[in-house]
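S.K.: Have a peek at work_39.cif (mmCIF, C-alpha atoms and all ligand atoms).
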data_protein
#
loop_
_atom_site.label_atom_id
_atom_site.label_comp_id
_atom_site.auth_asym_id
_atom_site.auth_seq_id
_atom_site.Cartn_x
_atom_site.Cartn_y
_atom_site.Cartn_z
CA MET M 996 11.98 13.97 11.34
CA PRO M 997 12.66 10.31 12.22
CA PRO M 998 10.39 7.67 10.67
CA VAL M 999 7.44 6.74 12.87
CA LEU M 1000 8.74 3.22 13.21
CA ARG M 1001 12.21 1.83 12.66
CA ALA M 1002 13.10 -1.81 13.14
CA THR M 1003 16.74 -2.86 12.93
CA GLY M 1004 18.06 -6.42 12.92
CA LEU M 1005 14.95 -7.73 14.65
CA THR M 1006 15.35 -11.34 15.67
CA LYS M 1007 13.26 -13.62 17.85
CA VAL M 1008 14.17 -17.08 18.99
CA PHE M 1009 11.63 -19.18 20.88
CA GLY M 1010 13.19 -21.85 23.06
CA ALA M 1011 15.89 -22.43 25.62
CA ARG M 1012 19.11 -22.28 23.59
CA GLU M 1013 18.67 -18.72 22.42
CA GLN M 1014 22.33 -17.70 22.25
CA GLU M 1015 23.34 -20.75 20.29
CA ALA M 1016 20.41 -20.31 17.91
CA LEU M 1017 21.40 -16.65 17.42
CA ARG M 1018 25.00 -17.62 16.69
CA LEU M 1019 23.92 -20.18 14.08
CA ALA M 1020 21.43 -17.77 12.51
CA GLY M 1021 24.21 -15.17 12.31
CA GLU M 1022 26.28 -17.67 10.37
CA GLY M 1023 23.45 -17.99 7.85
CA VAL M 1024 22.07 -21.31 9.08
CA GLY M 1025 18.40 -21.64 8.09
CA ARG M 1026 15.43 -22.03 10.39
CA ASP M 1027 15.00 -25.80 10.01
CA GLU M 1028 18.64 -26.48 10.70
CA VAL M 1029 18.65 -24.15 13.72
CA GLN M 1030 15.65 -26.04 15.03
CA ARG M 1031 17.34 -29.40 14.48
CA ARG M 1032 20.56 -28.38 16.16
CA THR M 1033 19.21 -26.38 19.10
CA GLY M 1034 15.57 -27.34 19.48
CA SER M 1035 14.75 -23.61 19.38
CA THR M 1036 12.62 -21.85 16.76
CA LEU M 1037 14.08 -18.98 14.79
CA ALA M 1038 10.72 -17.21 14.34
CA VAL M 1039 12.12 -13.93 12.94
CA HIS M 1040 15.66 -13.23 11.85
CA ASP M 1041 17.41 -9.95 11.06
CA VAL M 1042 14.40 -8.03 9.80
CA GLY M 1043 14.83 -4.30 9.30
CA PHE M 1044 12.57 -1.63 7.87
CA THR M 1045 11.21 1.85 8.46
CA VAL M 1046 7.63 3.04 8.25
CA GLU M 1047 7.04 6.64 7.32
CA ARG M 1048 4.24 8.82 8.64
CA GLY M 1049 1.00 8.22 6.73
CA GLU M 1050 2.27 5.02 5.14
CA LEU M 1051 0.28 1.81 4.88
CA PHE M 1052 3.03 -0.76 5.30
CA VAL M 1053 2.14 -4.40 4.69
CA ILE M 1054 3.93 -7.40 6.16
CA MET M 1055 3.07 -10.38 4.05
CA GLY M 1056 3.98 -14.04 4.34
CA LEU M 1057 2.53 -17.52 4.47
CA SER M 1058 1.59 -19.29 7.68
CA GLY M 1059 4.65 -19.69 9.89
CA SER M 1060 6.68 -17.03 8.09
CA GLY M 1061 6.90 -14.95 11.29
CA LYS M 1062 4.31 -12.21 10.72
CA SER M 1063 2.58 -12.46 14.09
CA THR M 1064 5.87 -12.65 15.92
CA LEU M 1065 7.15 -9.62 14.06
CA VAL M 1066 4.09 -7.50 14.74
CA ARG M 1067 4.19 -8.41 18.45
CA LEU M 1068 7.81 -7.37 18.58
CA LEU M 1069 6.85 -3.95 17.27
CA ASN M 1070 5.04 -2.95 20.45
CA ARG M 1071 7.08 -5.22 22.70
CA LEU M 1072 4.24 -7.60 23.45
CA ILE M 1073 7.16 -10.01 23.17
CA GLU M 1074 10.83 -9.20 23.74
CA PRO M 1075 13.28 -9.38 20.84
CA SER M 1076 16.24 -11.76 21.11
CA ALA M 1077 18.24 -9.19 19.18
CA GLY M 1078 17.65 -5.94 17.32
CA THR M 1079 15.96 -2.66 18.12
CA ILE M 1080 12.65 -0.92 17.56
CA GLU M 1081 12.26 2.83 17.63
CA VAL M 1082 8.98 4.70 17.70
CA ASP M 1083 9.38 8.38 16.83
CA GLY M 1084 13.10 7.96 17.38
CA GLN M 1085 12.67 6.50 20.87
CA ASP M 1086 14.22 3.09 21.55
CA LEU M 1087 11.55 0.82 23.04
CA ARG M 1088 14.17 -0.98 25.15
CA ALA M 1089 14.46 2.17 27.26
CA LEU M 1090 10.79 2.14 28.31
CA SER M 1091 9.53 1.13 31.75
CA ASP M 1092 6.49 -1.14 32.04
CA ALA M 1093 4.27 1.88 32.69
CA ASP M 1094 5.70 3.67 29.64
CA LEU M 1095 5.06 0.56 27.59
CA ARG M 1096 1.42 0.43 28.62
CA THR M 1097 1.03 4.06 27.62
CA LEU M 1098 2.77 3.33 24.35
CA ARG M 1099 0.36 0.48 23.53
CA ASN M 1100 -2.67 2.54 24.53
CA GLU M 1101 -1.77 5.79 22.88
CA LYS M 1102 0.96 5.39 20.30
CA VAL M 1103 1.07 1.90 18.83
CA SER M 1104 -2.26 0.16 19.12
CA MET M 1105 -3.16 -3.24 17.85
CA VAL M 1106 -6.23 -4.31 15.91
CA PHE M 1107 -6.74 -8.08 15.98
CA GLN M 1108 -8.38 -10.45 13.53
CA HIS M 1109 -11.28 -10.86 15.94
CA PHE M 1110 -11.84 -7.32 16.99
CA ALA M 1111 -12.75 -8.48 20.49
CA LEU M 1112 -15.89 -6.40 20.84
CA LEU M 1113 -17.54 -6.28 24.24
CA PRO M 1114 -20.89 -8.06 23.76
CA HIS M 1115 -22.83 -6.26 26.50
CA ARG M 1116 -21.77 -2.76 25.51
CA THR M 1117 -23.29 -0.69 22.73
CA VAL M 1118 -21.55 -0.05 19.46
CA ARG M 1119 -20.74 3.47 20.66
CA GLU M 1120 -19.26 2.20 23.94
CA ASN M 1121 -17.18 -0.29 22.01
CA ALA M 1122 -15.92 2.42 19.70
CA ALA M 1123 -15.00 4.56 22.72
CA TYR M 1124 -13.33 1.71 24.62
CA ALA M 1125 -9.69 2.73 24.18
CA LEU M 1126 -10.56 6.30 25.20
CA LYS M 1127 -12.34 5.11 28.34
CA ILE M 1128 -9.25 3.12 29.34
CA ARG M 1129 -7.21 6.25 28.88
CA GLY M 1130 -9.51 8.08 31.28
CA ILE M 1131 -10.80 10.58 28.74
CA GLY M 1132 -13.98 12.42 29.76
CA ALA M 1133 -17.41 11.14 28.72
CA ALA M 1134 -18.22 14.02 26.38
CA GLU M 1135 -15.00 13.71 24.46
CA GLN M 1136 -15.35 9.92 24.36
CA ARG M 1137 -18.74 10.30 22.78
CA GLU M 1138 -17.63 12.95 20.32
CA ARG M 1139 -14.66 10.93 19.07
CA ALA M 1140 -16.54 7.63 19.01
CA ASP M 1141 -19.34 9.22 16.98
CA TRP M 1142 -16.87 10.77 14.56
CA ALA M 1143 -15.23 7.36 14.07
CA LEU M 1144 -18.57 5.59 13.64
CA ARG M 1145 -19.65 8.19 11.09
CA THR M 1146 -16.35 7.69 9.27
CA VAL M 1147 -16.98 3.95 8.90
CA GLY M 1148 -20.66 4.53 8.06
CA LEU M 1149 -22.15 3.10 11.26
CA LEU M 1150 -23.29 6.09 13.28
CA GLU M 1151 -26.95 5.20 12.92
CA ARG M 1152 -26.22 1.85 14.66
CA ALA M 1153 -24.43 3.48 17.60
CA ASP M 1154 -26.96 2.24 20.17
CA ALA M 1155 -27.11 -1.36 18.89
CA ARG M 1156 -25.26 -4.27 20.52
CA PRO M 1157 -22.55 -6.04 18.52
CA ASP M 1158 -24.58 -9.25 18.13
CA GLN M 1159 -27.30 -7.27 16.35
CA LEU M 1160 -24.82 -6.47 13.58
CA SER M 1161 -23.51 -8.56 10.68
CA GLY M 1162 -19.90 -9.80 10.71
CA GLY M 1163 -18.76 -7.07 8.35
CA MET M 1164 -20.40 -4.38 10.47
CA GLN M 1165 -18.72 -5.79 13.59
CA GLN M 1166 -15.36 -5.45 11.88
CA ARG M 1167 -16.24 -1.86 11.09
CA VAL M 1168 -16.93 -1.24 14.79
CA GLY M 1169 -13.44 -2.60 15.48
CA LEU M 1170 -12.03 -0.27 12.89
CA ALA M 1171 -13.97 2.64 14.42
CA ARG M 1172 -12.48 1.79 17.82
CA ALA M 1173 -9.00 1.94 16.34
CA LEU M 1174 -9.75 5.24 14.60
CA ALA M 1175 -11.27 6.81 17.72
CA ALA M 1176 -8.16 5.84 19.68
CA ASP M 1177 -6.23 7.93 17.17
CA SER M 1178 -2.91 6.32 18.01
CA GLU M 1179 0.09 7.18 15.91
CA VAL M 1180 0.57 3.70 14.53
CA LEU M 1181 -2.09 1.07 13.98
CA LEU M 1182 -0.89 -2.50 13.95
CA MET M 1183 -3.51 -4.58 12.14
CA ASP M 1184 -2.97 -8.32 12.44
CA GLU M 1185 -4.95 -10.03 9.66
CA PRO M 1186 -8.04 -7.98 10.50
CA PHE M 1187 -10.05 -9.12 7.48
CA SER M 1188 -8.98 -12.75 7.26
CA ALA M 1189 -12.09 -14.18 8.87
CA LEU M 1190 -14.48 -12.32 6.55
CA ASP M 1191 -16.08 -13.81 3.48
CA PRO M 1192 -14.62 -12.56 0.19
CA LEU M 1193 -17.21 -9.91 -0.70
CA ILE M 1194 -17.27 -8.31 2.74
CA ARG M 1195 -13.51 -8.56 2.84
CA ARG M 1196 -13.34 -6.64 -0.41
CA ASP M 1197 -15.67 -3.98 1.02
CA MET M 1198 -13.46 -3.62 4.09
CA GLN M 1199 -10.36 -3.27 1.91
CA ASP M 1200 -12.10 -0.57 -0.11
CA LEU M 1201 -13.14 1.18 3.10
CA LEU M 1202 -9.58 1.09 4.41
CA VAL M 1203 -8.19 2.47 1.14
CA ARG M 1204 -10.77 5.26 1.23
CA LEU M 1205 -10.05 6.07 4.87
CA GLN M 1206 -6.37 6.13 4.10
CA THR M 1207 -6.78 8.71 1.35
CA GLU M 1208 -8.65 10.92 3.82
CA LEU M 1209 -6.92 10.26 7.13
CA HIS M 1210 -3.35 9.22 6.22
CA LYS M 1211 -2.90 7.01 9.27
CA THR M 1212 0.34 5.15 9.78
CA ILE M 1213 -0.63 1.50 9.50
CA VAL M 1214 1.28 -1.75 9.68
CA PHE M 1215 -1.02 -4.33 8.13
CA ILE M 1216 -0.39 -8.06 8.36
CA THR M 1217 -1.75 -10.47 5.79
CA HIS M 1218 -1.04 -13.83 4.20
CA ASP M 1219 -2.96 -12.80 1.06
CA LEU M 1220 -0.78 -11.34 -1.66
CA ASN M 1221 -3.69 -9.74 -3.53
CA GLU M 1222 -4.76 -7.99 -0.33
CA ALA M 1223 -1.16 -6.87 0.19
CA MET M 1224 -0.99 -5.49 -3.34
CA ARG M 1225 -4.33 -3.73 -3.06
CA LEU M 1226 -3.57 -2.03 0.24
CA GLY M 1227 0.15 -1.62 0.66
CA ASP M 1228 2.18 1.45 -0.17
CA ARG M 1229 5.08 -0.92 0.41
CA ILE M 1230 5.18 -4.61 1.15
CA LEU M 1231 7.68 -6.58 3.22
CA MET M 1232 7.62 -10.21 2.12
CA LEU M 1233 8.67 -12.71 4.78
CA LYS M 1234 9.70 -16.32 4.34
CA ASP M 1235 10.89 -18.57 7.17
CA GLY M 1236 11.36 -15.52 9.38
CA ARG M 1237 13.54 -13.60 6.94
CA THR M 1238 12.88 -10.73 4.56
CA VAL M 1239 12.76 -11.92 0.96
CA GLN M 1240 11.79 -8.60 -0.56
CA LEU M 1241 10.74 -5.10 0.44
CA GLY M 1242 9.21 -2.79 -2.13
CA THR M 1243 6.06 -1.37 -3.68
CA GLY M 1244 3.62 -3.80 -5.27
CA PRO M 1245 4.63 -2.81 -8.82
CA GLU M 1246 8.32 -3.12 -7.91
CA ILE M 1247 7.80 -6.60 -6.53
CA ILE M 1248 5.84 -7.94 -9.48
CA SER M 1249 8.09 -6.37 -12.08
CA ALA M 1250 11.39 -7.29 -10.39
CA PRO M 1251 10.94 -10.20 -7.97
CA ALA M 1252 14.01 -10.74 -5.80
CA ASP M 1253 14.14 -14.49 -6.28
CA ASP M 1254 12.30 -17.53 -7.63
CA TYR M 1255 10.16 -17.76 -4.52
CA VAL M 1256 8.78 -14.25 -4.99
CA ALA M 1257 8.46 -14.76 -8.74
CA ASP M 1258 6.36 -17.92 -8.22
CA PHE M 1259 4.37 -16.25 -5.55
CA THR M 1260 3.53 -13.21 -7.63
CA SER M 1261 2.86 -15.00 -10.91
CA ASP M 1262 -0.88 -15.23 -10.15
CA VAL M 1263 -1.31 -11.59 -9.19
CA ASP M 1264 -3.68 -9.66 -11.39
CA ARG M 1265 -1.22 -7.16 -12.82
CA THR M 1266 -3.99 -4.98 -14.22
CA ARG M 1267 -5.06 -4.17 -10.66
CA VAL M 1268 -1.56 -3.54 -9.34
CA LEU M 1269 0.06 -1.51 -12.10
CA THR M 1270 -1.13 2.06 -12.35
CA ALA M 1271 -0.89 4.64 -15.09
CA GLY M 1272 1.99 6.14 -13.12
CA ASP M 1273 3.90 2.84 -13.28
CA LEU M 1274 3.54 2.68 -17.08
CA LEU M 1275 4.27 6.35 -17.65
CA ARG M 1276 6.67 7.33 -20.44
CA GLU M 1277 8.02 10.71 -21.58
CA PRO M 1278 5.98 11.78 -24.61
CA ARG M 1279 8.14 11.37 -27.72
CA LEU M 1280 6.83 14.67 -28.98
CA THR M 1281 4.79 17.63 -27.82
CA ALA M 1282 3.93 20.91 -29.52
CA ARG M 1283 3.02 24.41 -28.36
CA LEU M 1284 0.29 26.74 -29.47
CA GLY M 1285 1.68 29.27 -31.97
CA GLN M 1286 4.41 26.92 -33.22
CA PRO M 1287 4.77 26.83 -37.07
CA ALA M 1288 2.42 24.15 -38.38
CA GLY M 1289 4.98 23.00 -41.00
CA GLU M 1290 7.56 22.35 -38.28
CA VAL M 1291 5.08 20.28 -36.28
CA LEU M 1292 4.11 18.29 -39.36
CA ARG M 1293 7.77 17.50 -40.14
CA ALA M 1294 8.37 16.42 -36.53
CA LEU M 1295 5.35 14.12 -36.77
CA GLY M 1296 6.72 12.61 -39.99
CA ALA M 1297 10.13 12.01 -38.41
CA ALA M 1298 8.55 10.38 -35.36
CA GLU M 1299 6.16 8.34 -37.53
CA ALA M 1300 3.28 9.63 -35.42
CA ASN M 1301 -0.21 10.63 -36.49
CA GLY M 1302 -0.79 13.21 -33.85
CA VAL M 1303 0.80 15.22 -31.07
CA TYR M 1304 -0.34 16.76 -27.79
CA VAL M 1305 -0.38 20.54 -27.99
CA LEU M 1306 0.26 22.19 -24.65
CA GLY M 1307 -0.73 25.63 -23.47
CA GLU M 1308 1.57 27.96 -21.51
CA ASP M 1309 0.59 26.30 -18.24
CA GLY M 1310 1.47 22.77 -19.41
CA ARG M 1311 -2.18 21.80 -19.74
CA ILE M 1312 -3.37 19.95 -22.81
CA ALA M 1313 -4.91 22.41 -25.29
CA GLY M 1314 -5.78 19.62 -27.74
CA VAL M 1315 -4.25 17.31 -30.31
CA ALA M 1316 -2.78 18.34 -33.67
CA ARG M 1317 -3.34 15.55 -36.22
CA ASP M 1318 -1.16 15.20 -39.30
CA ASP M 1319 -4.07 15.20 -41.77
CA LEU M 1320 -5.56 18.36 -40.29
CA LEU M 1321 -2.17 20.08 -40.17
CA ALA M 1322 -1.58 19.30 -43.85
CA ARG M 1323 -4.96 20.80 -44.69
CA ALA M 1324 -4.26 23.94 -42.65
CA LEU M 1325 -1.00 24.45 -44.53
CA GLN M 1326 -2.76 23.98 -47.86
CA GLU M 1327 -5.28 26.58 -46.81
CA GLY M 1328 -2.49 29.00 -45.83
CA ARG M 1329 -2.72 28.83 -42.06
CA THR M 1330 0.89 28.54 -40.90
CA ALA M 1331 0.81 28.92 -37.12
CA LEU M 1332 -0.66 26.27 -34.88
CA GLY M 1333 -3.83 27.86 -33.54
CA PRO M 1334 -6.74 26.57 -31.49
CA GLN M 1335 -8.81 26.10 -34.67
CA GLU M 1336 -6.46 23.31 -35.81
CA LEU M 1337 -6.79 21.31 -32.60
CA VAL M 1338 -9.09 18.36 -32.03
CA ALA M 1339 -10.08 16.62 -28.83
CA ASP M 1340 -8.88 13.25 -30.14
CA PHE M 1341 -7.34 12.01 -26.87
CA ALA M 1342 -8.12 10.40 -23.53
CA THR M 1343 -6.51 11.03 -20.16
CA THR M 1344 -6.17 9.35 -16.80
CA ALA M 1345 -4.87 10.20 -13.34
CA PRO M 1346 -1.53 8.56 -12.43
CA ASP M 1347 -2.95 6.46 -9.60
CA ARG M 1348 -5.61 4.74 -11.68
CA PRO M 1349 -5.04 0.98 -12.10
CA LEU M 1350 -4.59 -0.44 -15.57
CA VAL M 1351 -7.87 -2.38 -15.35
CA GLU M 1352 -9.76 0.92 -15.33
CA PHE M 1353 -8.11 2.52 -18.35
CA VAL M 1354 -6.91 -0.33 -20.57
CA HIS M 1355 -9.97 0.17 -22.84
CA LEU M 1356 -8.82 3.74 -23.60
CA VAL M 1357 -5.37 2.74 -24.83
CA GLY M 1358 -4.73 2.85 -28.55
CA ARG M 1359 -7.99 4.57 -29.44
CA SER M 1360 -6.61 7.96 -30.47
CA ALA M 1361 -3.96 9.53 -32.65
CA VAL M 1362 -1.89 10.13 -29.49
CA PRO M 1363 -1.13 7.76 -26.62
CA LEU M 1364 -3.22 7.95 -23.47
CA GLY M 1365 -2.29 11.09 -21.54
CA VAL M 1366 -1.51 10.97 -17.82
CA VAL M 1367 -2.47 14.24 -16.17
CA ASP M 1368 -2.22 15.75 -12.70
CA ASP M 1369 -5.15 17.29 -10.82
CA ASP M 1370 -4.76 20.52 -12.77
CA GLY M 1371 -4.84 18.82 -16.18
CA ARG M 1372 -1.09 19.17 -16.84
CA LEU M 1373 0.44 16.42 -18.94
CA LEU M 1374 2.77 14.29 -16.79
CA GLY M 1375 3.52 11.73 -19.49
CA VAL M 1376 1.84 9.19 -21.72
CA VAL M 1377 1.01 5.49 -21.68
CA PRO M 1378 1.74 4.12 -25.15
CA ARG M 1379 0.11 0.87 -26.21
CA ALA M 1380 3.50 -0.85 -26.25
CA ALA M 1381 4.00 -0.09 -22.55
CA VAL M 1382 0.69 -1.78 -21.74
CA LEU M 1383 1.47 -4.83 -23.86
CA ASP M 1384 4.92 -5.13 -22.28
CA ALA M 1385 3.47 -4.88 -18.80
CA LEU M 1386 0.81 -7.50 -19.47
CA ALA M 1387 3.06 -9.91 -21.32
CA ALA M 1388 6.12 -9.38 -19.14
CA VAL M 1389 7.75 -12.39 -17.71
CA PRO M 1390 9.14 -10.23 -14.95
CA ALA M 1391 12.84 -9.50 -15.00
CA ARG M 1392 14.63 -10.88 -11.93
CA ARG M 1393 16.31 -8.25 -9.87
CA GLY M 1394 19.95 -8.04 -10.88
CA ALA M 1395 19.34 -10.27 -13.92
N1 LIG Q 1401 5.30 -18.72 21.51
C1 LIG Q 1401 5.95 -19.50 20.61
N2 LIG Q 1401 6.74 -20.51 21.01
C2 LIG Q 1401 7.41 -21.28 20.15
N3 LIG Q 1401 7.36 -21.11 18.81
C3 LIG Q 1401 6.60 -20.11 18.33
C4 LIG Q 1401 5.86 -19.25 19.19
N4 LIG Q 1401 5.18 -18.36 18.44
C5 LIG Q 1401 5.50 -18.64 17.16
N5 LIG Q 1401 6.34 -19.68 17.08
C6 LIG Q 1401 6.93 -20.26 15.88
O1 LIG Q 1401 7.57 -19.21 15.17
C7 LIG Q 1401 7.36 -19.35 13.77
C8 LIG Q 1401 6.69 -18.08 13.22
O2 LIG Q 1401 5.36 -18.05 13.72
P1 LIG Q 1401 4.35 -16.83 13.51
O3 LIG Q 1401 3.11 -17.16 14.27
O4 LIG Q 1401 5.04 -15.57 13.82
O5 LIG Q 1401 4.11 -16.91 11.97
P2 LIG Q 1401 2.90 -16.30 11.12
O6 LIG Q 1401 3.49 -15.91 9.84
O7 LIG Q 1401 2.20 -15.28 11.91
O8 LIG Q 1401 1.98 -17.56 10.92
P3 LIG Q 1401 0.36 -17.64 11.04
O9 LIG Q 1401 -0.17 -16.84 9.90
O10 LIG Q 1401 0.12 -19.11 10.92
O11 LIG Q 1401 0.03 -17.08 12.38
C9 LIG Q 1401 6.57 -20.61 13.59
O12 LIG Q 1401 7.44 -21.67 13.32
C10 LIG Q 1401 5.89 -20.80 14.91
O13 LIG Q 1401 5.63 -22.15 15.17
#
Would you mind giving the structure from this file in structure tokens?
M.R.:
Amino acid sequence: MPPVLRATGLTKVFGAREQEALRLAGEGVGRDEVQRRTGSTLAVHDVGFTVERGELFVIMGLSGSGKSTLVRLLNRLIEPSAGTIEVDGQDLRALSDADLRTLRNEKVSMVFQHFALLPHRTVRENAAYALKIRGIGAAEQRERADWALRTVGLLERADARPDQLSGGMQQRVGLARALAADSEVLLMDEPFSALDPLIRRDMQDLLVRLQTELHKTIVFITHDLNEAMRLGDRILMLKDGRTVQLGTGPEIISAPADDYVADFTSDVDRTRVLTAGDLLREPRLTARLGQPAGEVLRALGAAEANGVYVLGEDGRIAGVARDDLLARALQEGRTALGPQELVADFATTAPDRPLVEFVHLVGRSAVPLGVVDDDGRLLGVVPRAAVLDALAAVPARRGA
């Protein structure tokens, strides 16, 4: 299946001397110099990426980096100077004006910073707006609007007018409108930027929660790196219209592509970005129920470890065998590792949990923190050294 969205070599020049600006840009001339020599603005240059179904893809950059231009290119609100965009494998250049309107209404819809609610319509009517434009029947409009309002926790305010709601609630109505429209790709252009920090945080949490349930395909624009890190499955970092790095949050902070990204990311709270999965290591040692206790004890000695995870047949953790208890079992003549020798001296976490939520558990037990899947199977461990490295790391430059 093709990716939902594929951008290739996207370039946009604003100004009269487009061809000359394109030629200079192609020779590697930077934006300022292009501007000086042609009077035209190289807003976006040679940006390429794909967005997979269900991905929350963040485009991040400071003011003037080209984010708004890029996102408007994605649904052809503006025409590219060069490059292509495909939605579900279809080249947008091939679409007629009517096809384009359908595309924007049904496939790639845009959510703006100011959600542009209609003041004289109810919350429900606002949520149903995109469906009404599409000519969908009243009953279905209502059903889908109510589902969306329930999803964002606002159904009980369905009959209110927007000005009777707080700013944060109004943004949730905007989000409900986008959800009700159920388009394939949601383009969100700095939707939370105007909100105060606490409400903004709530909206980010809501979006993350919705994403785990609904798996929408979202392209989210922001100038805020922490927001990008919190939300993005992957992040495209833009500077002066060009891509400086494309990767997951942990990839970007642990291997910044250049000094610009390194400076930019130095203030990021790594404990909120890095997850147990990012710090995961193969356990140095594991044991199985029924294994000879003497053998396990010798392996512990060789590994200079005090304890080892003992796994059942199904890969789940049966418990921990500690060296002192193993020695006692042997003294008392019990030679096979049985359930009676195991203790629950361990802590576990899910792989997607951020470091900030489990750092207090690290180094407490005879074995490193266990990372387990939904069924309790051991995926790996987070040793204390991995946490210290991650926190202390002056990130390695890519290719360094
Ligand atoms: N219609 C236009 N005509 C001429 N220049 C433009 C136009 N739109 C954008 N630009 C220029 O293109 C560059 C990229 O602007 P863009 O708005 O895409 O950046 P941005 O990252 O979204 O910034 P902001 O967060 O401030 O909106 C800037 O230099 C801007 O001045």
S.K.: Could you pull out the residues sitting within 7 Å of ligand LIG 1401 (chain Q), using all atoms listed in the file, and write them as a ChimeraX atom specification?
M.R.: /M:1009-1010,1036-1039,1056-1065,1218,1236
S.K.: Using only C-alpha atoms, please write the residues we just selected to a file, as a PDB file, in the coordinates of the input.
M.R.:
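Contents of part_5.pdb, freshly written:
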ATOM      1  CA  PHE M1009      11.630 -19.180  20.880  1.00  0.00           C
ATOM      2  CA  GLY M1010      13.190 -21.850  23.060  1.00  0.00           C
ATOM      3  CA  THR M1036      12.620 -21.850  16.760  1.00  0.00           C
ATOM      4  CA  LEU M1037      14.080 -18.980  14.790  1.00  0.00           C
ATOM      5  CA  ALA M1038      10.720 -17.210  14.340  1.00  0.00           C
ATOM      6  CA  VAL M1039      12.120 -13.930  12.940  1.00  0.00           C
ATOM      7  CA  GLY M1056       3.980 -14.040   4.340  1.00  0.00           C
ATOM      8  CA  LEU M1057       2.530 -17.520   4.470  1.00  0.00           C
ATOM      9  CA  SER M1058       1.590 -19.290   7.680  1.00  0.00           C
ATOM     10  CA  GLY M1059       4.650 -19.690   9.890  1.00  0.00           C
ATOM     11  CA  SER M1060       6.680 -17.030   8.090  1.00  0.00           C
ATOM     12  CA  GLY M1061       6.900 -14.950  11.290  1.00  0.00           C
ATOM     13  CA  LYS M1062       4.310 -12.210  10.720  1.00  0.00           C
ATOM     14  CA  SER M1063       2.580 -12.460  14.090  1.00  0.00           C
ATOM     15  CA  THR M1064       5.870 -12.650  15.920  1.00  0.00           C
ATOM     16  CA  LEU M1065       7.150  -9.620  14.060  1.00  0.00           C
ATOM     17  CA  HIS M1218      -1.040 -13.830   4.200  1.00  0.00           C
ATOM     18  CA  GLY M1236      11.360 -15.520   9.380  1.00  0.00           C
TER      19      GLY M1236
END
S.K.: Return the single residue from M:Leu1350, M:Leu1144, M:Ala1342, M:Leu1112 that is closest to Ala1381 of chain M, with distances computed using only C-alpha atoms.
M.R.: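 Among M:Leu1350, M:Leu1144, M:Ala1342, M:Leu1112, it is M:Leu1350 that comes nearest to Ala1381 of chain M.
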S.K.: For a quick check of understanding, using all atoms listed in the file, which of M:Leu1284, M:Gly1272, M:Asp1309, M:Arg1129 has the smallest distance to Leu1364 of chain M?
M.R.: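 Using all atoms listed in the file, Leu1364 of chain M sits closest to M:Gly1272.
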S.K.: Check the smallest atom-to-atom distance from each of M:Val1305, M:Ile1128, M:Leu1202, M:Ala1155 to Arg1167 of chain M using all atoms listed in the file, then report the winner.
M.R.: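 Distance minimum relative to Arg1167 of chain M lands on M:Leu1202.
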S.K.: Nearest to Glu1299 of chain M: which of M:Leu1205, M:Leu1170, M:Ile1230, M:Val1362 is it, counting only C-alpha atoms?
M.R.: M:Val1362
S.K.: Given the choices M:Ser1249, M:Gln1165, M:Thr1146, M:Asn1221, which gets closest to Asp1262 of chain M if the distance is worked out from all atoms listed in the file?
M.R.: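 When distances to Asp1262 of chain M are compared using all atoms listed in the file, the smallest one comes from M:Asn1221.
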S.K.: Which one is closest to Leu1000 of chain M: M:Val1147, M:Leu1095, M:Val1180, M:Met1224? Count only C-alpha atoms.
M.R.: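 Closest residue, counting only C-alpha atoms: M:Val1180.
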S.K.: Identify, on the basis of all atoms listed in the file, every residue whose closest approach to Leu1226 of chain M does not exceed 12 Å; exclude the query and any residue fewer than 2 positions from it along the same chain; express the result as JSON, numbers by chain.
M.R.: {"M": [1050, 1051, 1052, 1053, 1054, 1055, 1196, 1198, 1199, 1200, 1201, 1202, 1203, 1204, 1205, 1206, 1207, 1213, 1214, 1215, 1216, 1217, 1219, 1220, 1221, 1222, 1223, 1224, 1228, 1229, 1230, 1243, 1244, 1267, 1268]}
S.K.: Considering all atoms listed in the file, return as a PyMOL selection string whatever protein or nucleic-acid residues lie within 10 Å of Leu1174 of chain M, sequence-local ones (same chain, fewer than 6 positions apart) excluded.
M.R.: chain M and resi 1122-1123+1125+1139-1140+1142-1144+1146-1147+1168+1181+1205+1209+1211
S.K.: I need every residue sitting at most 10 Å from the point (2.0, 24.6, -18.3) (coordinates as in the file, all atoms listed in the file considered), written as a ChimeraX atom specification.
M.R.: /M:1306-1312,1370-1373
S.K.: Could you tell me how far atom CA of Val1042 of chain M sits from atom CA of Ile1080 of chain M, in Å to one decimal place?
M.R.: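 If I compute the distance from atom CA of Ile1080 of chain M to atom CA of Val1042 of chain M, I get 10.7 Å.
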S.K.: Please report the interatomic distance between atom CA of Ala1176 of chain M and atom CA of Asp1154 of chain M in Å with one decimal.
M.R.: 19.1 Å
S.K.: Counting all atoms listed in the file, write as a CSV table (one decimal) with C-alpha atoms, in the coordinates of the input all protein and nucleic acid residues lying at most 9 Å from (3.0, 12.9, -16.1) in the file's frame.
M.R.:
chain,number,residue,atom,x,y,z
M,1272,GLY,CA,2.0,6.1,-13.1
M,1275,LEU,CA,4.3,6.4,-17.6
M,1276,ARG,CA,6.7,7.3,-20.4
M,1277,GLU,CA,8.0,10.7,-21.6
M,1345,ALA,CA,-4.9,10.2,-13.3
M,1346,PRO,CA,-1.5,8.6,-12.4
M,1365,GLY,CA,-2.3,11.1,-21.5
M,1366,VAL,CA,-1.5,11.0,-17.8
M,1367,VAL,CA,-2.5,14.2,-16.2
M,1368,ASP,CA,-2.2,15.8,-12.7
M,1372,ARG,CA,-1.1,19.2,-16.8
M,1373,LEU,CA,0.4,16.4,-18.9
M,1374,LEU,CA,2.8,14.3,-16.8
M,1375,GLY,CA,3.5,11.7,-19.5
M,1376,VAL,CA,1.8,9.2,-21.7
